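First the structure, in the form of structure tokens, and then the observations on it.
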Amino acid sequence: MIVQRLRDDRSLLINGSFVVAFVVLLIVAATTTDSFMTDDNITNLMKQSVTTGLLALGMLMVILTGGIDLSVGSVVALAGIMAAGLSADLPIPLAMAIGVAAGVACGFVNGMLVARFRLAPFVVTLAALTTIRGLAYVYSETPVTPTDIGFLWIGTESIGPFPVATLIVVAVFALAWVFLTRTGAGRAIIAIGGNREAVRLAGVNVPRHILVTYMISGFLAGLAGVILASRVGIAQPSVGVAFELNAIAACVIGGASLAGGRGSVLGTLGGVVLLALIDNLLTLYDVQSYWQQVLKGLIIVAVVLARRTEDER
Amino acid sequence: MLSLRGVRKAYSGVEVLHGIDFEAHGGEVVAIAGANGAGKSTLIKILCGAVARDAGTIAVDGREVALGSPAAAAALGIRTVHQELTLVPQLSVTENVLLGDLPKRGGLVDWPAAHERTRALLSRTGFTGVDPRTPAKRLSVARQQMVEIAKAMASEPRMLILDEPSAVLAGDDLDQLFALIRSLRADGVLVLYVSHRLDEVMEIADRITVIKDGLIAATSTPRETNEEEIVRQMAGRRLEQIYPDRREKPGRELLGTTGLTREGAFEEVSLSVCAGEVVGVFGLVGSGRTELAECLFAAAPHDAGEIRLAGRAVRLRSPKEAIAQGLAFVTEDRKGSGLVLDLSVRDNAALATLPRWRRHGLLDRKRQQAAIEDMNERLDVRPRTTSKPVKQLSGGNQQKVVLAKWLLSRPKVLILDEPTRGVDVAARVDLYREIDQLTRAGLGVLMISSDLTEVIGATDRVLVMHEGRLVADVPSAEADEELLLAHSIGVAA
Ligand SMILES: Nc1ncnc2c1ncn2[C@@H]1O[C@H](COP(=O)(O)OP(=O)(O)OP(=O)(O)O)[C@@H](O)[C@H]1O
Ligand SMILES: [Mg+2]
């Protein structure tokens, strides 16, 4: 009964092959390595998922409307370096808030160009990718090291056994889940990707909803940038290259369709954890890093393939 | 020529065809009738290789066939025009018709020859006035349907399957289609014809097969049976009266226009819809009916003239504002602009009323669910489960979901563009009764329809459009089909 309901609830979009892949990976990891189940490694795993998690969630919102946001990696760099730089003169929370706000502003510009001026999301955010990266370098050509130790709190501290950053990610995912499944705006965003015209005729302000998704994506990328700078204790203008690809991969593994209208928060979460697990394992096994990339690519294809054949039945 | 034995099909565990036995011969026109969700389209999808059967045998010319893919069916000469349009919107008519089979010269597509062949095909099917070079998305639904038919004719079919082709064709176009069917029959082609319009079924078919709940319920010739009998076989109940008696006195004007013009679509349209009134709009394809509806709903801009709501001139800028003013618009193309196919029945039904379900910022799913279930009950949407993706519903039930969406918005004026497209007779009766009741409570309805009996029977007044102009305003009690047709082609006195 419950299983049936879970299966019917399309907001979950989790299916058998996915769970199987997951469990198999976990068992393999736990039994074949000594270091996997250690507290250190688990904490590490959680921390590593933070950036991809936040980026993937923002990406999901955009992908649901049938768009894409390639600029998130650059936003990570800009937000991090602004927060670190400003923390020298401003209170840390304010500096961080400005970094995040810069991300929102980037999302706003992307969103306006896509929603109001009807430009192609791929082109707009590709242009934003280089523009924002450039801005990060303009802000500071060299890495910025925040001097105040308080800057490191959000990225490194834990509350009980849980890293603060992980708690933030969990909270954000929970909010996003509520937003997409339990609010009118969330339902409208999913519907827009499925049939924009039908949604427009139903009296929904389509451009505004699309704009909101890009702003969410910018916000979360900004947040990810600030947390990342805090975790590594240094903000680099070069950080975040190709992060958007991981984010997109997580969404797709989680069942999102790049054509829009399909995708879920829980699926994306699964995608994020799966990706982190793969990375983690390959490192534990000492796989050479180029081979890691090859294997990761192949695993992504395998998971997506398994999903697809199952979805089509 | 075609023989089915014990054909069964289940979708995710639910069986919808319970063993179909069916025979048909070349040179025969067999109509397939049945209520929404009876399994007609499923049967047809099996015949054309689009879905696989779970059990049973199918034989063509005495030889058992697998029909594993659309290509396999096509190789046997089985061509199909599906209920839902399948054209590639961006591609030209020619590319759609000759998809995968464009004439080539020296390795490159020979465009002049391709357009020529398409033109020939279109005129063979009797449909003129479609330029082969226009992209399919610029054509009206009816014209797209013509292109679909031409596409099916592109490779000399031995068996032509038409799933509700007439749902969007009317008047002359329908006559053309019938002429085509008759000429195919004379050439020994087997034609399977699915339709909810029983009058045309009686006219064109040699045999009528009724499917009820996934089983063949009856087969008879038009001479042995009549419409009433078919409806009884389909619905399992007798329908007393199709159209409600209407004798409401119209109240004050709800929606009106003066001199409304949209260049290239319609000119100088002045009309009015009053409270409690059902106003029909009849016209041929291209007469500007749909464009008029779109302008009234602010889904498209107009160039001149005035729109009044409750006596006040308004300038609506978006469908959102139109809805806020109490307008609702059921479009003619449920797949293109009516539904989000991947989403559930619930999400689709709630789409036009999202703000209403808000409580403390969140959707009040209980209240939403209750309202939607109630509406689905009233419109008899099947199945009742609201979590199913809309694309898994039968065509007629999808249409009811669109209606549910708009009725939930509690409109003051309801604009309907071909509202009963693909809806079975029994459900149509329910819909007319629903409209009748709502108008008693003060709703005004503007109903565009190509179905002459409907546009007369279900309305109080009929407006006729011809080439973008309103040419007649006839009380339904005095209207007859000939008169409306004559007005619509511009030959009435
Ligand atoms: N892809 C699908 N997945 C699950 N169920 C389906 C699917 N397609 C159709 N069904 C179900 O199969 C049943 C038969 O549908 P079908 O489309 O064959 O009906 P139909 O007779 O063509 O009805 P209509 O007159 O409304 O077009 C319906 O109950 C429908 O909900
Ligand atoms: Mg059907």
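Ordering of the structure tokens sets the chain letters (A, B, ...), residue numbers begin anew at 1 in every chain, and ligands are numbered from 1 in the order given.
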
Counting only C-alpha atoms, which residues from chain A have an atom at most 10 Å from any atom of chain B, and could you show them as number ranges by chain?
A: 5, 8-10, 178-179, 181-188, 190-205, 261-262, 313

Step by step, measure atom-to-atom distances between ligand 2 and each residue using only C-alpha atoms and all ligand atoms, keep those at most 10 Å, then write them as a PyMOL selection string.
chain B and resi 33-45+82-84+163-164+194-196+393-398+422-424

If you run DSSP on the backbone, which residues of range 45-208 of chain B are alpha helix (DSSP H), as JSON, numbers by chain?
{"B": [45, 46, 47, 70, 71, 72, 73, 74, 75, 93, 94, 95, 96, 97, 111, 112, 113, 114, 115, 116, 117, 118, 119, 120, 121, 122, 123, 124, 141, 142, 143, 144, 145, 146, 147, 148, 149, 150, 151, 152, 153, 171, 172, 173, 174, 175, 176, 177, 178, 179, 180, 181, 182, 183, 184, 185, 186, 198, 199, 200, 201, 202, 203, 204]}

Just to confirm, what's the straight-line distance from CA of Glu240 in chain B to CA of Ala31 in chain B in Å (one decimal)?
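It comes out at 23.9 Å.
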
Which residue gives the smallest distance to ligand 1 among B:Arg428, B:Arg182, B:Arg119, B:His487, with only C-alpha atoms and all ligand atoms counted?
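The answer is B:Arg428, which sits nearest to ligand 1.
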
Would you pick out the contacts of Leu70 in chain A at 6 Å or less, using only C-alpha atoms, so that residues sharing its chain but fewer than 6 positions from it are not included, and give the list as an MDAnalysis selection string?
chainID A and resid 125:126 244

Just-selected residues, C-alpha atoms written as an mmCIF file, in the first residue's frame:
```cif
data_model
loop_
_atom_site.group_PDB
_atom_site.id
_atom_site.type_symbol
_atom_site.label_atom_id
_atom_site.label_comp_id
_atom_site.auth_asym_id
_atom_site.auth_seq_id
_atom_site.Cartn_x
_atom_site.Cartn_y
_atom_site.Cartn_z
ATOM 1 C CA THR A 125 24.053 31.356 -19.369
ATOM 2 C CA LEU A 126 27.034 30.439 -21.518
ATOM 3 C CA GLU A 244 27.721 23.040 -13.654
#
```

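Among B:Leu98, B:Val491, B:Ala349, B:Ser140, the residue with the shortest atom-to-atom distance to Ala152 in chain B, counting only C-alpha atoms, is B:Leu98.
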
Report as a PyMOL selection string all protein, DNA and RNA residues lying within 12 Å of Leu269 in chain A, evaluated on only C-alpha atoms, omitting residues in the same chain fewer than 2 positions from it.
chain A and resi 12-14+18+49-50+52-58+60+169-170+172-174+176-177+247+249-256+263-267+271-276

Please identify the strand (DSSP E) residues within range 92-174 of chain A (assignment by DSSP from backbone atoms) and present them as a list in words.
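Taking range 92-174 of chain A and keeping strand (DSSP E) only, one gets Ser158, Ile159, Phe162 and Pro163 of chain A.
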
Store the residues of this selection in a file with all heavy atoms, as a compact mmCIF listing (two decimals), in the first residue's frame.
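Result file is again_26.txt:
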```
# COMPACT_ATOMS: atom_id res chain seq x y z
N SER A 158 30.86 21.85 13.09
CA SER A 158 29.77 20.89 13.16
C SER A 158 28.89 21.20 14.34
O SER A 158 29.34 21.77 15.34
CB SER A 158 30.33 19.47 13.31
OG SER A 158 31.03 19.11 12.15
N ILE A 159 27.63 20.85 14.22
CA ILE A 159 26.74 20.88 15.37
C ILE A 159 26.46 19.43 15.69
O ILE A 159 25.84 18.73 14.88
CB ILE A 159 25.44 21.63 15.05
CG1 ILE A 159 25.75 23.09 14.71
CG2 ILE A 159 24.47 21.53 16.22
CD1 ILE A 159 24.55 23.90 14.31
N PHE A 162 26.91 16.58 12.95
CA PHE A 162 26.63 17.04 11.59
C PHE A 162 27.34 18.34 11.25
O PHE A 162 27.22 19.32 11.99
CB PHE A 162 25.13 17.24 11.40
CG PHE A 162 24.36 15.99 11.65
CD1 PHE A 162 23.57 15.86 12.79
CD2 PHE A 162 24.43 14.92 10.76
CE1 PHE A 162 22.86 14.70 13.03
CE2 PHE A 162 23.72 13.76 10.99
CZ PHE A 162 22.94 13.64 12.13
N PRO A 163 28.02 18.37 10.12
CA PRO A 163 28.62 19.63 9.69
C PRO A 163 27.52 20.66 9.46
O PRO A 163 26.44 20.33 8.96
CB PRO A 163 29.30 19.28 8.36
CG PRO A 163 29.42 17.79 8.36
CD PRO A 163 28.33 17.27 9.22
```

List the spatial neighbours of Ala97 in chain A as a tab-separated table (two decimals) with N, CA and C atoms, in the first residue's frame - criterion: any atom at most 9 Å away, only C-alpha atoms, same-chain residues fewer than 5 positions off excluded.
```tsv
chain	number	residue	atom	x	y	z
A	83	ALA	N	32.72	37.55	-0.87
A	83	ALA	CA	32.51	37.39	0.57
A	83	ALA	C	33.84	37.45	1.32
A	92	ILE	N	31.25	39.59	9.20
A	92	ILE	CA	31.26	38.41	8.35
A	92	ILE	C	29.88	38.05	7.78
A	102	ALA	N	25.18	38.71	-4.65
A	102	ALA	CA	25.76	38.81	-5.98
A	102	ALA	C	25.29	37.66	-6.85
A	223	LEU	N	25.39	30.82	-2.43
A	223	LEU	CA	25.53	30.17	-1.13
A	223	LEU	C	26.64	29.11	-1.18
A	226	VAL	N	30.08	30.74	-1.14
A	226	VAL	CA	30.48	31.25	0.17
A	226	VAL	C	30.90	30.10	1.08
```

When you count only C-alpha atoms and all ligand atoms, which of these residues is closest to ligand 1: B:Val29, B:Ala179, B:Leu87, B:Val210?
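Counting only C-alpha atoms and all ligand atoms, the residue closest to ligand 1 is B:Val210.
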
Could you check the closest approach to ligand 1 for each of B:Gly259, B:Gly326, B:Gly311, B:Pro383 and tell me which residue wins, using only C-alpha atoms and all ligand atoms?
B:Pro383

Find the residues near Val104 in chain A: any atom within 8 Å, counting only C-alpha atoms, skip ones fewer than 5 places away on the same chain, and give them as JSON, numbers by chain.
{"A": [215, 216, 217, 218, 219, 222]}

What's around Trp153 in chain A at 10 Å? Count only C-alpha atoms, leave out sequence neighbours fewer than 6 positions away in its own chain, and write the answer as a ChimeraX atom specification.
/A:163-165,227,230-231,233

Please compute the CA of His302 in chain B-CA of Glu332 in chain B distance, one decimal, in Å.
19.5 Å

Nearest to Val273 in chain B, chosen from B:Cys48, B:Leu485, B:Val413, B:Leu174, with only C-alpha atoms counted in the distances:
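Of the candidates, the smallest distance to Val273 in chain B is held by B:Val413.
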
State, in Å with one decimal place, the distance from atom 10 (N, counted along the ligand's line) of ligand 1 to CA of Ala52 in chain B.
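Going from atom 10 (N, counted along the ligand's line) of ligand 1 over to CA of Ala52 in chain B, I get 13.2 Å.
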